[in-house]
Protein chains: 2
Amino acid sequence: MSNAVEEIVRRVTAEAAGETDSSPEAKLSGAVKWPIDVSIGRGLEGAVAAVSSIGYVNGQKGWLVYRGYNCFDLALHSTYEETAYLLLFGKLPAANELDDFNRKLAGFREVPPQVVDVMAGLPVAEMHPMAALLTAISLLGAFDPMSDETSLEGEMEISLKLIAQTATLVGQIARMRAGKKPVAPDTSLSHAANFLYMMSGKRPDEQTARVMDISLILHADHGMNASTFTTMVVNSTLSDMYSSVVSGIASLKGSLHGGANERVLYQLEEIGKPENTIDWFTRAKASKTKVMGMGHRVYKAYDPRGRILGPLAGLMTEGDPEASNLFAIARELERTVTADLGKTKKIYPNVDFYSGLLYKAMGIETAIFTPIFAVSRVAGWTARALEYLSDNRIFRPRGIYAGKTEQVYVPLEKR
Amino acid sequence: MSNAVEEIVRRVTAEAAGETDSSPEAKLSGAVKWPIDVSIGRGLEGAVAAVSSIGYVNGQKGWLVYRGYNCFDLALHSTYEETAYLLLFGKLPAANELDDFNRKLAGFREVPPQVVDVMAGLPVAEMHPMAALLTAISLLGAFDPMSDETSLEGEMEISLKLIAQTATLVGQIARMRAGKKPVAPDTSLSHAANFLYMMSGKRPDEQTARVMDISLILHADHGMNASTFTTMVVNSTLSDMYSSVVSGIASLKGSLHGGANERVLYQLEEIGKPENTIDWFTRAKASKTKVMGMGHRVYKAYDPRGRILGPLAGLMTEGDPEASNLFAIARELERTVTADLGKTKKIYPNVDFYSGLLYKAMGIETAIFTPIFAVSRVAGWTARALEYLSDNRIFRPRGIYAGKTEQVYVPLEKR
C-alpha cells in the first residue's frame, strides 16, 4: 500500500479505536421474534424490513460494520474483492479462497460481445449515464441464458458477474462520454486499478488505485438504504438477479439517493475560495439552503466513511491548485458547519462530502460519480438479496385506502 | 359492445349488486395519523406503506374499487383509456377530456425510431420476453431527453407515454417472437384493439377487442402489490418514471408475482379432460401440490376479476375444441376445489385462473401473458407513483442487525 495512504488510514483507525464497542442494538442478535410491534412513520420509517447479518450502521456512534468487522479495519487491511467476498459469504476468505474468488471475478470482467456491440451503437455520450448503465445491465440479463436461474447457487454466480461487469460497463460509459473507445479489462490488475484503467485508458499509480479501492470498500454496503431495499423487494418476487440489480440502479439514480457528491462539488465551486465560506454559510442558513454533504438520516456523529475519505481527499488533491483550493474550502465549510450545528443538531460531514473531491482529483468526470457508487454497492445489493432469498418471503406491505367508495358510474353523455 | 360480452358482464354485475357496501376499513378515510402502531411480519406484512385514494381491495368481500367505482361497473361501462384517466386524475373524464386523453395516448403509441432500431437488432425471440421488455423500456428512458423531468407534470406526461408505448413494445416483442415484422400502431383503433392488432397483425373483431379491453381494465390496479410497491419505492428517490416502471417490470417478472396464469394453463393441460379432475385434485391434495390460480393472499372470497373473466373465457373458447376442453376442465376444477376448500379455507379462483385461457383463445402465445399484465398495470404503477410523489418521502425501512460484532481482522497469511 502507498505509505501516505496507509499513514492516513492508520491514524484515523487509531483515533476511532475504542469507540466501536457494541451498542444495545447490536446485542439484539437472534432475539427477533415475528411479528414485531413497531410505530411506523411515512416512507416506512421504523418498519423492520429484514433481519440481517451482513452490515450494521450505528448512527449514534458513527460506526459502520460489515459482518462484524468495522470499516476502519477493512479500509486499512482489506481490498474491495476481499470485502465483497466477506459480504457475500460471511467470513474473511482463506488465501486459496481469495485466489479463486479473484480469478473468478477477473474472468467475468469481459462483458459479452453482444452487449458491447449494442452499447457501441447507442449515443451513450448523450444519455444520462445512469440510464445508459440501466440499459447495459438490462442487456446483460437479456443475453445471459442463465439469467432465469433463481436458485441460490445460480444467483450467486450471477452476482459475481454483476460485481465484475458493472465496473466494466461504467468504464465503457465513461470512455464513450469522453469520445474514446472502450479498452478491454486487464486481468492482471486489481478490481479498483482495472476499473480506473477502464475509465482513463491508463494504468493508475499505486496510490490512486489504493484510494479508489478504499472508496469502493467504504461504499459497498450501508444498511437498508433505498437501492438495497429495492433490490431485495424485486428479488423477493423470485425475479432474477439482473432485474433486481437493474432496479437497485434505478433507485440509486434518484436525486434523494445518489448524486449528492456531485452537488457538494458544485457547492464548493460556488463558494469559490476558503475566505468566502463563513459569509456563504451565513447566507445559506438565512435562506434555509441545505448544505450538501452534511448531516445524514442515520448518522448523528461523523460518518466514518467521511472521516477516512476526508484526509484521503486532502492527499489526492495535493499539487493540483484548483482541487486543493476546493479541498481547503471543504475543510473550512466543515469547521464552520460543525462548530455551529455539530453539537446542537448533530450535523457532521457524510460520505458524500469528500468523495466527489476525491474522484475529481483522479480526473473522473462528475457525471460518473453516481455510477461509481453502483460499481461498489452492487456487492451489498447482491449480498443482501441473496441473504433474504435464503429464507424468502415476498415483500407485500399494506396501503390504507382513504378515497371515496360507492361512486355511481355516470354515463359519458351525462357528465 | 358485443351483445354476448355485455350480457355476461351485466349478469355478473347484477349478481354482485348489493354486496359492495362499505366495510369498516373503507371508512378510515382521512383518519390516518402518522406514526401508526402496527404489528408487522416478515415481508413487511401489516406495515402501512402509504395512504392512497386510488384503489381499494376488500379481500373479505371480494371487492375491487378504483377511485370509488367498483370494478363490475367499470367492466360493464368503461374502457381501458377511461379507466387509466380515472386512476391518474381521480375522476371520470368529461367527453372533451376523454377525447383529449385518447388523442394524446394514441399519439404516443409510436415508439421513437431509435428504440425500434435497437430492438430490431436484438435476438428478441431468444430472450425472456420480460427481459426484452425491461431493456426496451430502459431504452425509452435513455432516449427521451425529458426523462430527467421529475416534476409532477413531467412525470405525468411520461406516464402517458409509458401507458401507450408499453403496449406497442409488447406487440413488437410478440411479433418478433413469432418471426414476424412489427406493424405500426393504428391510431383509429382503441387501446385494446390496437394492442391486439400489434401482436397479431390483424384488426380484431369487436367481441375480442372488448374482452381484451375488460381484461386490461381489471388488471390496471390492485393495491400495494410487489410491482406497484417497487415502482413507488424507486420513484420516491426522485428517480425518473421510466426507471420506476422498469423496476415495476423487474418485480412483475418474478414467479411469485407474475406468470401464474401461464402455470394454470399447464395445469389444465396436465389434467387433460374434465373427468380426470377429481382424481387429479385428490392426488394434488395428497402430495400437497398447490392448485395454481386458486386462493389469494388478500381475497378470502371469489376474486371479482375472476368472476368476470370466467364466463368471458367460456365465451371466447366457444367453437375451439382444444380451448373449450380446457375451459370445461377449469370449470370442473373450480367446482371441485371450492366444494372442498371454499367454505373452510376460503379458497376460490383468483384473476389468473381464467385469464390465461382467455388469452390463449385469442391466439396469444403463453410467454406473452405476463407482458400483457404489464401493459395493463402500468396505469396503476404510474398513478400510484404520482400520487405518492405529490407528498413524497423516500422509503427507508430499517433492518435489524443480528450478526457478529467486534470481529478482529486476521491478516490473510494467518487465516
# chains A, B, ... in the order shown; residues from 1 in each chain; ligands from 1
>>> select_by_dssp(residues="stretch 12-216 of chain A", states="alpha helix (DSSP H)", output="PyMOL selection string")
chain A and resi 12-16+71-77+80-89+95-108+113-120+129-143+152-177+191-200+206-216
>>> residues_around(residues="B:Leu315", least_positions_apart="4", cutoff="12 Å", atoms="only C-alpha atoms", output="PyMOL selection string")
chain B and resi 2-9+207-208+211+308-311+319-320+323-324+327-328+354+357-358+361-362
>>> closest_residue(among="B:Pro112, B:Gly154, B:Gly68, B:Gly41", to="A:Glu406", atoms="only C-alpha atoms")
B:Gly68
>>> select_by_dssp(residues="stretch 27-262 of chain A", states="strand (DSSP E or B)", output="ChimeraX atom specification")
/A:36-40,48-52,55-58,63-66,69-70,222,224
